[in-house]
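coords.csv, holding CSV, C-alpha atoms and all ligand atoms:
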chain,number,residue,atom,x,y,z
V,96,MET,CA,0.0,0.0,0.0
V,97,PHE,CA,2.9,2.4,0.7
V,98,ARG,CA,5.5,1.0,-1.6
V,99,ASP,CA,8.0,3.8,-2.6
V,100,LYS,CA,6.4,6.1,-0.1
V,101,VAL,CA,8.7,7.9,2.4
V,102,VAL,CA,7.4,8.2,5.9
V,103,VAL,CA,9.0,10.0,8.9
V,104,VAL,CA,7.9,8.9,12.4
V,105,THR,CA,9.1,11.1,15.2
V,106,GLY,CA,9.7,9.1,18.4
V,107,GLY,CA,9.6,5.9,16.4
V,108,SER,CA,11.9,3.9,18.8
V,109,ARG,CA,9.3,2.9,21.4
V,110,GLY,CA,5.6,2.5,22.1
V,111,ILE,CA,3.0,4.0,19.7
V,112,GLY,CA,5.6,5.4,17.3
V,113,ARG,CA,7.3,2.1,17.1
V,114,ALA,CA,4.1,0.4,16.2
V,115,ILE,CA,3.4,3.1,13.6
V,116,ALA,CA,6.8,2.7,12.0
V,117,LEU,CA,6.5,-1.1,11.9
V,118,ARG,CA,3.1,-1.0,10.3
V,119,PHE,CA,4.3,1.4,7.6
V,120,GLY,CA,7.3,-0.9,7.1
V,121,GLU,CA,5.0,-4.0,6.7
V,122,LEU,CA,3.0,-2.0,4.1
V,123,GLY,CA,6.2,-1.5,2.1
V,124,ALA,CA,7.2,2.1,3.0
V,125,LYS,CA,10.7,3.6,3.5
V,126,VAL,CA,10.6,4.6,7.1
V,127,ALA,CA,12.8,7.2,8.9
V,128,VAL,CA,12.7,6.1,12.6
V,129,ASN,CA,13.5,9.1,14.7
V,130,TYR,CA,14.6,8.8,18.3
V,131,LEU,CA,16.1,10.9,21.0
V,132,LYS,CA,18.0,8.5,23.3
V,133,SER,CA,17.0,4.9,22.4
V,134,ALA,CA,19.5,4.2,19.6
V,135,ASP,CA,19.4,0.4,20.0
V,136,ALA,CA,15.6,0.3,20.1
V,137,ALA,CA,15.4,2.5,17.0
V,138,GLN,CA,17.9,0.3,15.1
V,139,GLU,CA,15.9,-2.8,16.1
V,140,VAL,CA,12.7,-1.2,14.6
V,141,VAL,CA,14.7,-0.6,11.3
V,142,GLU,CA,15.9,-4.2,11.2
V,143,LYS,CA,12.3,-5.4,11.7
V,144,ILE,CA,11.0,-3.1,8.9
V,145,LYS,CA,13.7,-4.4,6.5
V,146,ALA,CA,12.8,-8.0,7.4
V,147,ALA,CA,9.1,-7.2,6.7
V,148,GLY,CA,9.9,-5.9,3.2
V,149,GLY,CA,10.2,-2.2,3.8
V,150,ASP,CA,13.3,0.0,4.1
V,151,GLY,CA,14.4,2.1,7.1
V,152,ILE,CA,16.9,4.3,8.7
V,153,ALA,CA,17.2,5.4,12.3
V,154,ILE,CA,17.9,9.1,12.8
V,155,GLN,CA,18.7,10.7,16.1
V,156,ALA,CA,17.2,14.2,16.5
V,157,ASP,CA,15.6,16.2,19.3
V,158,VAL,CA,12.4,17.3,17.6
V,159,SER,CA,11.7,19.9,20.4
V,160,ASP,CA,14.7,21.8,19.0
V,161,TYR,CA,14.0,23.7,15.7
V,162,GLU,CA,17.5,23.1,14.1
V,163,SER,CA,17.6,19.5,15.2
V,164,ALA,CA,14.1,18.8,13.7
V,165,GLY,CA,15.4,20.5,10.5
V,166,SER,CA,18.4,18.2,10.4
V,167,LEU,CA,16.0,15.2,10.6
V,168,ILE,CA,13.9,16.3,7.6
V,169,ASP,CA,17.1,17.3,5.6
V,170,ARG,CA,18.6,13.9,6.2
V,171,VAL,CA,15.5,12.1,4.9
V,172,LEU,CA,15.3,14.4,1.9
V,173,GLU,CA,19.0,13.7,1.2
V,174,THR,CA,18.5,9.9,1.5
V,175,TRP,CA,15.2,9.4,-0.3
V,176,GLY,CA,14.5,12.7,-2.1
V,177,GLN,CA,11.0,13.3,-0.7
V,178,VAL,CA,8.7,13.0,2.3
V,179,ASP,CA,5.3,11.6,1.6
V,180,CYS,CA,4.1,11.3,5.1
V,181,LEU,CA,5.2,12.9,8.4
V,182,VAL,CA,3.9,11.4,11.7
V,183,ASN,CA,4.5,13.8,14.5
V,184,ASN,CA,4.3,11.3,17.4
V,185,ALA,CA,7.2,12.1,19.8
V,186,GLY,CA,5.8,13.1,23.2
V,187,ILE,CA,6.4,13.1,27.0
V,188,THR,CA,4.5,13.6,30.2
V,189,GLN,CA,5.5,15.3,33.4
V,190,ASP,CA,2.4,15.0,35.4
V,191,THR,CA,1.7,17.1,38.5
V,192,LEU,CA,-1.0,19.4,39.8
V,193,LEU,CA,-0.8,23.0,38.6
V,194,LEU,CA,0.1,24.2,42.1
V,195,ARG,CA,3.3,22.1,42.0
V,196,MET,CA,4.0,22.5,38.2
V,197,ASN,CA,7.1,24.6,37.7
V,198,GLU,CA,8.0,26.6,34.6
V,199,GLU,CA,10.7,24.1,33.5
V,200,SER,CA,8.1,21.3,33.4
V,201,TRP,CA,5.6,23.4,31.6
V,202,ASP,CA,8.2,24.4,28.9
V,203,LYS,CA,9.6,20.9,28.5
V,204,VAL,CA,6.2,19.3,27.9
V,205,ILE,CA,5.0,22.1,25.6
V,206,ASN,CA,8.2,22.0,23.6
V,207,THR,CA,8.4,18.3,23.3
V,208,ASN,CA,4.7,17.7,22.5
V,209,LEU,CA,3.7,20.9,20.7
V,210,LYS,CA,6.7,22.9,19.4
V,211,SER,CA,8.0,19.7,17.9
V,212,VAL,CA,4.9,19.5,15.7
V,213,TYR,CA,5.5,23.0,14.5
V,214,ASN,CA,9.3,22.3,14.0
V,215,CYS,CA,8.9,19.2,11.9
V,216,THR,CA,5.8,20.4,10.0
V,217,LYS,CA,7.5,23.7,9.2
V,218,HIS,CA,10.5,21.9,7.7
V,219,VAL,CA,8.5,19.4,5.7
V,220,CYS,CA,5.7,21.6,4.3
V,221,ARG,CA,7.6,23.5,1.7
V,222,PRO,CA,8.8,20.3,-0.1
V,223,MET,CA,5.3,18.8,0.2
V,224,PHE,CA,3.6,22.0,-1.1
V,225,ARG,CA,6.0,22.1,-4.1
V,226,ARG,CA,5.1,18.5,-5.0
V,227,ARG,CA,1.4,19.1,-4.4
V,228,SER,CA,1.4,15.9,-2.4
V,229,GLY,CA,1.8,14.8,1.2
V,230,VAL,CA,0.1,13.8,4.4
V,231,ILE,CA,0.8,14.9,7.9
V,232,ILE,CA,-0.6,13.1,10.9
V,233,ASN,CA,-0.2,14.5,14.4
V,234,VAL,CA,-0.6,12.4,17.6
V,235,ALA,CA,-2.7,14.3,20.0
V,236,SER,CA,-4.6,12.7,23.0
V,237,VAL,CA,-8.1,12.6,24.3
V,238,VAL,CA,-6.9,14.8,27.2
V,239,GLY,CA,-6.5,17.5,24.6
V,240,LEU,CA,-10.3,17.3,24.1
V,241,ILE,CA,-11.5,16.9,27.7
V,242,GLY,CA,-8.6,18.0,29.9
V,243,ASN,CA,-7.2,16.0,32.9
V,244,ALA,CA,-6.3,16.9,36.4
V,245,GLY,CA,-2.5,16.7,36.8
V,246,GLN,CA,-1.8,17.2,33.1
V,247,ALA,CA,-2.4,20.9,32.5
V,248,ASN,CA,0.9,21.1,30.5
V,249,TYR,CA,0.3,18.0,28.5
V,250,ALA,CA,-3.4,18.7,27.8
V,251,ALA,CA,-2.6,22.2,26.7
V,252,ALA,CA,0.0,20.8,24.3
V,253,LYS,CA,-2.4,18.2,22.9
V,254,ALA,CA,-5.3,20.7,22.5
V,255,GLY,CA,-2.7,23.0,20.7
V,256,ILE,CA,-1.9,20.1,18.3
V,257,ILE,CA,-5.6,19.7,17.5
V,258,ALA,CA,-6.0,23.4,16.7
V,259,PHE,CA,-2.7,23.4,14.8
V,260,THR,CA,-3.9,20.5,12.7
V,261,LYS,CA,-7.1,22.3,11.7
V,262,SER,CA,-5.3,25.6,10.8
V,263,VAL,CA,-2.5,23.9,8.8
V,264,ALA,CA,-5.1,21.6,7.1
V,265,ARG,CA,-6.8,24.8,5.8
V,266,GLU,CA,-3.5,26.2,4.5
V,267,ALA,CA,-2.3,23.0,3.0
V,268,ALA,CA,-5.6,21.9,1.3
V,269,PRO,CA,-5.1,24.1,-1.8
V,270,ARG,CA,-1.7,22.3,-2.2
V,271,GLN,CA,-3.2,18.9,-2.1
V,272,VAL,CA,-1.6,18.2,1.3
V,273,ARG,CA,-3.8,16.6,4.0
V,274,VAL,CA,-3.3,17.2,7.7
V,275,ASN,CA,-5.1,15.1,10.4
V,276,ALA,CA,-4.6,14.1,14.0
V,277,VAL,CA,-5.3,11.0,16.0
V,278,ALA,CA,-6.3,11.3,19.7
V,279,PRO,CA,-5.5,8.1,21.5
V,280,GLY,CA,-7.1,7.3,24.8
V,281,PHE,CA,-5.4,5.0,27.3
V,282,ILE,CA,-2.7,3.0,25.3
V,283,GLU,CA,-0.3,0.4,26.8
V,284,SER,CA,3.2,1.8,26.5
V,285,ASP,CA,6.1,3.0,28.7
V,286,MET,CA,4.3,6.3,29.1
V,287,THR,CA,1.3,4.6,30.8
V,288,ALA,CA,3.4,1.9,32.5
V,289,LYS,CA,4.3,4.3,35.2
V,290,LEU,CA,0.7,4.8,36.4
V,291,SER,CA,-0.5,2.9,39.5
V,292,GLU,CA,-2.7,-0.2,39.2
V,293,LYS,CA,-5.5,1.8,40.9
V,294,VAL,CA,-5.4,4.6,38.3
V,295,VAL,CA,-5.3,2.0,35.4
V,296,GLU,CA,-8.3,0.1,36.8
V,297,GLU,CA,-10.2,3.4,37.2
V,298,TYR,CA,-9.5,4.3,33.6
V,299,LYS,CA,-10.5,0.9,32.4
V,300,SER,CA,-13.8,1.0,34.2
V,301,ASN,CA,-14.7,4.1,32.1
V,302,ILE,CA,-13.8,2.5,28.7
V,303,PRO,CA,-16.9,1.2,27.0
V,304,LEU,CA,-14.9,-1.5,25.1
V,305,ASN,CA,-13.5,-2.5,28.5
V,306,ARG,CA,-9.8,-2.8,27.6
V,307,LEU,CA,-6.7,-0.6,27.3
V,308,GLY,CA,-5.7,0.2,23.7
V,309,LYS,CA,-2.6,-1.3,22.1
V,310,PRO,CA,-0.1,0.7,20.1
V,311,GLU,CA,-1.2,-1.3,17.0
V,312,ASP,CA,-4.8,0.2,17.5
V,313,VAL,CA,-3.3,3.7,17.0
V,314,ALA,CA,-1.0,2.5,14.2
V,315,ALA,CA,-4.0,1.2,12.2
V,316,ALA,CA,-5.8,4.6,12.4
V,317,VAL,CA,-2.6,6.4,11.3
V,318,THR,CA,-2.0,4.2,8.3
V,319,PHE,CA,-5.6,4.6,7.3
V,320,LEU,CA,-5.4,8.4,7.5
V,321,ALA,CA,-2.1,8.3,5.5
V,322,SER,CA,-3.6,6.1,2.8
V,323,ASP,CA,-5.5,7.1,-0.3
V,324,GLU,CA,-8.6,5.5,1.3
V,325,ALA,CA,-8.7,8.8,3.4
V,326,SER,CA,-8.1,11.1,0.4
V,327,TYR,CA,-11.2,13.2,1.2
V,328,ILE,CA,-10.4,13.6,5.0
V,329,THR,CA,-8.4,16.6,6.3
V,330,GLY,CA,-8.4,18.7,9.4
V,331,GLN,CA,-9.9,15.9,11.5
V,332,THR,CA,-9.1,14.4,14.8
V,333,LEU,CA,-9.7,10.6,14.9
V,334,VAL,CA,-10.3,9.4,18.5
V,335,VAL,CA,-8.9,5.9,19.2
V,336,ASP,CA,-9.9,5.2,22.8
V,337,GLY,CA,-12.4,2.3,23.0
V,338,GLY,CA,-15.3,4.8,23.3
V,339,LEU,CA,-13.9,6.7,26.4
V,340,VAL,CA,-14.7,10.1,24.9
V,341,MET,CA,-17.6,10.4,22.5
V,342,TYR,CA,-18.0,13.8,21.0
V,401,LIG,P1,6.7,6.4,24.9
V,401,LIG,O1,6.5,4.9,24.9
V,401,LIG,O2,7.1,7.1,26.2
V,401,LIG,O3,7.6,6.8,23.7
V,401,LIG,C1,7.9,8.1,23.5
V,401,LIG,C2,8.7,8.2,22.2
V,401,LIG,O4,9.0,9.6,22.0
V,401,LIG,C3,10.1,7.6,22.3
V,401,LIG,O5,10.3,6.9,21.1
V,401,LIG,C4,11.1,8.7,22.6
V,401,LIG,O6,12.4,8.5,22.0
V,401,LIG,C5,10.4,9.8,21.8
V,401,LIG,N1,10.8,11.2,22.2
V,401,LIG,C6,10.6,11.8,23.4
V,401,LIG,N2,11.1,13.0,23.4
V,401,LIG,C7,11.7,13.2,22.1
V,401,LIG,C8,12.4,14.2,21.5
V,401,LIG,N3,12.6,15.4,22.1
V,401,LIG,N4,12.8,14.1,20.2
V,401,LIG,C9,12.6,12.9,19.6
V,401,LIG,N5,11.9,11.9,20.1
V,401,LIG,C10,11.5,12.0,21.4
V,401,LIG,O7,5.3,7.1,24.6
V,401,LIG,P2,4.0,6.6,23.8
V,401,LIG,O8,3.0,6.2,24.8
V,401,LIG,O9,4.4,5.7,22.7
V,401,LIG,O10,3.4,8.0,23.2
V,401,LIG,C11,3.6,8.4,21.8
V,401,LIG,C12,2.7,9.5,21.5
V,401,LIG,O11,1.4,9.2,21.8
V,401,LIG,C13,3.0,10.8,22.4
V,401,LIG,O12,2.8,11.9,21.6
V,401,LIG,C14,1.9,10.7,23.5
V,401,LIG,O13,1.6,11.9,24.0
V,401,LIG,C15,0.8,10.1,22.7
V,401,LIG,N6,-0.3,9.5,23.5
V,401,LIG,C16,0.0,8.4,24.2
V,401,LIG,C17,-1.0,7.8,25.0
V,401,LIG,C18,-0.8,6.6,25.8
V,401,LIG,O14,-1.8,6.2,26.5
V,401,LIG,N7,0.3,5.9,25.8
V,401,LIG,C19,-2.3,8.3,24.9
V,401,LIG,C20,-2.5,9.5,24.2
V,401,LIG,C21,-1.5,10.0,23.4
V,401,LIG,P3,13.6,7.9,22.9
V,401,LIG,O15,13.1,6.5,23.4
V,401,LIG,O16,14.7,7.8,22.0
V,401,LIG,O17,13.8,8.8,24.1
This entry written out as structure tokens:
Amino acid sequence: MFRDKVVVVTGGSRGIGRAIALRFGELGAKVAVNYLKSADAAQEVVEKIKAAGGDGIAIQADVSDYESAGSLIDRVLETWGQVDCLVNNAGITQDTLLLRMNEESWDKVINTNLKSVYNCTKHVCRPMFRRRSGVIINVASVVGLIGNAGQANYAAAKAGIIAFTKSVAREAAPRQVRVNAVAPGFIESDMTAKLSEKVVEEYKSNIPLNRLGKPEDVAAAVTFLASDEASYITGQTLVVDGGLVMY
């Protein structure tokens, strides 16, 4: 489905980004697996992609930094000549109540989750606009829709991603470039592994489908939005949460 397509996945070394990179690889894409610290894990994703019939490279870059994000996109353009799909997935949490949330934590979470989306999209949009072709998918979160106590920084970043998606979708549509977001609910990954069993059980009891999501559930939504099957869909946020948030 994605043979000869070039895909960049930020934060592709672990969790949801890893599943997205692997799925694109299985579908024949050339995948740039971006990582910050997990070099071995990123390389393992690349090997799996190659074994599945796709092609891949691991690229270290801090996407919260404008220049570093630019070097990621430049490296992909030098290697494969184009970017067909950018998946802005990299993200972190630093949860605490607002009363205890310091400026450093606010900046770090906003920069890693939201500024990174601006950084990578900004570097990739000109080449996409020139080719009159491309898809951008941003990984938001249901907390960007409904908020969450203890996550004011993260929820603000994710709500920002949703509004960014709509705005850039409007700018990009005349150039035949689509921009969408996915909003996962509670997905099993390192990010959620640090939550207590009590919190996990509480979340689970509120999920109509009565299970936590898997990274593959999000990957399937992302590859759908990236495919030609979704060629009339832009500016949308597709919620992947087992029915937790219905809006
Ligand atoms: P994760 O398992 O903690 O993985 C995070 C990934 O982001 C890692 O590959 C990490 O790379 C990368 N990363 C972090 N900071 C980076 C930076 N500055 N530059 C480049 N890469 C960076 O998290 P996850 O659960 O898969 O989450 C992935 C995305 O889904 C995030 O945007 C998250 O907010 C969103 N999400 C997750 C859930 C959930 O329930 N898990 C729910 C809603 C939304 P290294 O390993 O190299 O550090």
(message) 8 Å from ligand LIG 401 (chain V) is the threshold here; counting all atoms listed in the file, which polymer residues fall inside it? Answer as a PyMOL selection string.
(response) chain V and resi 105-113+129-134+136-137+155-160+183-188+207-208+211+234-238+249+253+278-287+308+310
For the residues in that selection, give me C-alpha atoms as a PDB file, in the coordinates of the input.
ATOM      1  CA  THR V 105       9.100  11.100  15.200  1.00  0.00           C
ATOM      2  CA  GLY V 106       9.700   9.100  18.400  1.00  0.00           C
ATOM      3  CA  GLY V 107       9.600   5.900  16.400  1.00  0.00           C
ATOM      4  CA  SER V 108      11.900   3.900  18.800  1.00  0.00           C
ATOM      5  CA  ARG V 109       9.300   2.900  21.400  1.00  0.00           C
ATOM      6  CA  GLY V 110       5.600   2.500  22.100  1.00  0.00           C
ATOM      7  CA  ILE V 111       3.000   4.000  19.700  1.00  0.00           C
ATOM      8  CA  GLY V 112       5.600   5.400  17.300  1.00  0.00           C
ATOM      9  CA  ARG V 113       7.300   2.100  17.100  1.00  0.00           C
ATOM     10  CA  ASN V 129      13.500   9.100  14.700  1.00  0.00           C
ATOM     11  CA  TYR V 130      14.600   8.800  18.300  1.00  0.00           C
ATOM     12  CA  LEU V 131      16.100  10.900  21.000  1.00  0.00           C
ATOM     13  CA  LYS V 132      18.000   8.500  23.300  1.00  0.00           C
ATOM     14  CA  SER V 133      17.000   4.900  22.400  1.00  0.00           C
ATOM     15  CA  ALA V 134      19.500   4.200  19.600  1.00  0.00           C
ATOM     16  CA  ALA V 136      15.600   0.300  20.100  1.00  0.00           C
ATOM     17  CA  ALA V 137      15.400   2.500  17.000  1.00  0.00           C
ATOM     18  CA  GLN V 155      18.700  10.700  16.100  1.00  0.00           C
ATOM     19  CA  ALA V 156      17.200  14.200  16.500  1.00  0.00           C
ATOM     20  CA  ASP V 157      15.600  16.200  19.300  1.00  0.00           C
ATOM     21  CA  VAL V 158      12.400  17.300  17.600  1.00  0.00           C
ATOM     22  CA  SER V 159      11.700  19.900  20.400  1.00  0.00           C
ATOM     23  CA  ASP V 160      14.700  21.800  19.000  1.00  0.00           C
ATOM     24  CA  ASN V 183       4.500  13.800  14.500  1.00  0.00           C
ATOM     25  CA  ASN V 184       4.300  11.300  17.400  1.00  0.00           C
ATOM     26  CA  ALA V 185       7.200  12.100  19.800  1.00  0.00           C
ATOM     27  CA  GLY V 186       5.800  13.100  23.200  1.00  0.00           C
ATOM     28  CA  ILE V 187       6.400  13.100  27.000  1.00  0.00           C
ATOM     29  CA  THR V 188       4.500  13.600  30.200  1.00  0.00           C
ATOM     30  CA  THR V 207       8.400  18.300  23.300  1.00  0.00           C
ATOM     31  CA  ASN V 208       4.700  17.700  22.500  1.00  0.00           C
ATOM     32  CA  SER V 211       8.000  19.700  17.900  1.00  0.00           C
ATOM     33  CA  VAL V 234      -0.600  12.400  17.600  1.00  0.00           C
ATOM     34  CA  ALA V 235      -2.700  14.300  20.000  1.00  0.00           C
ATOM     35  CA  SER V 236      -4.600  12.700  23.000  1.00  0.00           C
ATOM     36  CA  VAL V 237      -8.100  12.600  24.300  1.00  0.00           C
ATOM     37  CA  VAL V 238      -6.900  14.800  27.200  1.00  0.00           C
ATOM     38  CA  TYR V 249       0.300  18.000  28.500  1.00  0.00           C
ATOM     39  CA  LYS V 253      -2.400  18.200  22.900  1.00  0.00           C
ATOM     40  CA  ALA V 278      -6.300  11.300  19.700  1.00  0.00           C
ATOM     41  CA  PRO V 279      -5.500   8.100  21.500  1.00  0.00           C
ATOM     42  CA  GLY V 280      -7.100   7.300  24.800  1.00  0.00           C
ATOM     43  CA  PHE V 281      -5.400   5.000  27.300  1.00  0.00           C
ATOM     44  CA  ILE V 282      -2.700   3.000  25.300  1.00  0.00           C
ATOM     45  CA  GLU V 283      -0.300   0.400  26.800  1.00  0.00           C
ATOM     46  CA  SER V 284       3.200   1.800  26.500  1.00  0.00           C
ATOM     47  CA  ASP V 285       6.100   3.000  28.700  1.00  0.00           C
ATOM     48  CA  MET V 286       4.300   6.300  29.100  1.00  0.00           C
ATOM     49  CA  THR V 287       1.300   4.600  30.800  1.00  0.00           C
ATOM     50  CA  GLY V 308      -5.700   0.200  23.700  1.00  0.00           C
ATOM     51  CA  PRO V 310      -0.100   0.700  20.100  1.00  0.00           C
TER      52      PRO V 310
END
(message) Would you pick out the contacts of Ile168 in chain V at 9 Å or less, using all atoms listed in the file, so that residues sharing its chain but fewer than 2 positions from it are not included, and give the list as a list in words?
(response)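 So the residues in contact are Val103, Ala164, Gly165, Ser166, Arg170, Val171, Leu172, Glu173, Val178, Cys215, His218 and Val219 of chain V.
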(message) Taking only C-alpha atoms into account, name the residue in V:Lys289, V:Thr332, V:Phe97, V:Lys203 that is nearest to Lys261 in chain V.
(response) V:Thr332
(message) One decimal, in Å: what's the spacing between CA of Thr174 in chain V and CA of Lys125 in chain V?
(response) 10.2 Å
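Closest to Cys180 in chain V among V:Ala124, V:Ala146, V:Val313, V:Ala251 is V:Ala124, based on only C-alpha atoms.
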Show which residues sit within 8 Å of Asn233 in chain V, as a short mmCIF file (atom, residue, chain, number, x, y, z; two decimals) with C-alpha atoms, in the coordinates of the input. Count all atoms listed in the file, and ignore same-chain residues fewer than 2 positions away.
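This is the output file selection.cif:
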data_model
loop_
_atom_site.label_atom_id
_atom_site.label_comp_id
_atom_site.auth_asym_id
_atom_site.auth_seq_id
_atom_site.Cartn_x
_atom_site.Cartn_y
_atom_site.Cartn_z
CA VAL V 182 3.90 11.40 11.70
CA ASN V 183 4.50 13.80 14.50
CA ASN V 184 4.30 11.30 17.40
CA VAL V 212 4.90 19.50 15.70
CA ILE V 231 0.80 14.90 7.90
CA ALA V 235 -2.70 14.30 20.00
CA ILE V 256 -1.90 20.10 18.30
CA THR V 260 -3.90 20.50 12.70
CA VAL V 274 -3.30 17.20 7.70
CA ASN V 275 -5.10 15.10 10.40
CA ALA V 276 -4.60 14.10 14.00
CA VAL V 277 -5.30 11.00 16.00
#
(message) Would you pick out the contacts of Gly123 in chain V at 8 Å or less, using only C-alpha atoms, so that residues sharing its chain but fewer than 5 positions from it are not included, and give the list as a count of residues only?
(response) 9
Nearby residues (all atoms listed in the file) at most 7 Å from Pro303 in chain V, same-chain spacing under 3 positions excluded, as a compact mmCIF listing (two decimals) with C-alpha atoms, in the frame of the given file:
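As a result, result.txt now contains:
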# COMPACT_ATOMS: atom_id res chain seq x y z
CA GLY V 337 -12.40 2.30 23.00
CA GLY V 338 -15.30 4.80 23.30
CA LEU V 339 -13.90 6.70 26.40
(message) I need the residue nearest Phe119 in chain V from this list: V:Leu304, V:Ala315, V:Ala258, V:Leu290. Use all atoms listed in the file for the distance.
(response)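 Using all atoms listed in the file, the shortest distance to Phe119 in chain V belongs to V:Ala315.
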(message) Between V:Ile257, V:Ala316, V:Ala127, V:Val334, which residue has the minimum interatomic distance to Gln177 in chain V, considering all atoms listed in the file?
(response) V:Ala127
(request) Give me, please, the distance in Å between CA of Ser200 in chain V and CA of Asn243 in chain V, quoted to one decimal. (result)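 Rounded to one decimal, the two atoms are 16.2 Å apart.
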Please tell me which residues are no farther than 10 Å from (-1.1, 24.2, 28.0) in the file, counting only C-alpha atoms, and write them as a compact mmCIF listing (two decimals) with C-alpha atoms, keeping the file's coordinate frame.
# COMPACT_ATOMS: atom_id res chain seq x y z
CA TRP V 201 5.60 23.40 31.60
CA ASP V 202 8.20 24.40 28.90
CA VAL V 204 6.20 19.30 27.90
CA ILE V 205 5.00 22.10 25.60
CA LEU V 209 3.70 20.90 20.70
CA GLY V 239 -6.50 17.50 24.60
CA GLY V 242 -8.60 18.00 29.90
CA GLN V 246 -1.80 17.20 33.10
CA ALA V 247 -2.40 20.90 32.50
CA ASN V 248 0.90 21.10 30.50
CA TYR V 249 0.30 18.00 28.50
CA ALA V 250 -3.40 18.70 27.80
CA ALA V 251 -2.60 22.20 26.70
CA ALA V 252 0.00 20.80 24.30
CA LYS V 253 -2.40 18.20 22.90
CA ALA V 254 -5.30 20.70 22.50
CA GLY V 255 -2.70 23.00 20.70
(request) Mind giving me the straight-line distance from CA of Asp190 in chain V to CA of Val295 in chain V in Å, one decimal? (result)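 The value is 15.1 Å.
Distance check against Ile152 in chain V using all atoms listed in the file: of V:Gln271, V:Arg195, V:Val101, V:Ser228, the minimum falls on V:Val101.
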(message) Could you check the closest approach to Pro222 in chain V for each of V:Ala267, V:Ala321, V:Leu192, V:Ile115 and tell me which residue wins, using all atoms listed in the file?
(response)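 Of V:Ala267, V:Ala321, V:Leu192, V:Ile115, the one nearest Pro222 in chain V, counting all atoms listed in the file, is V:Ala267.
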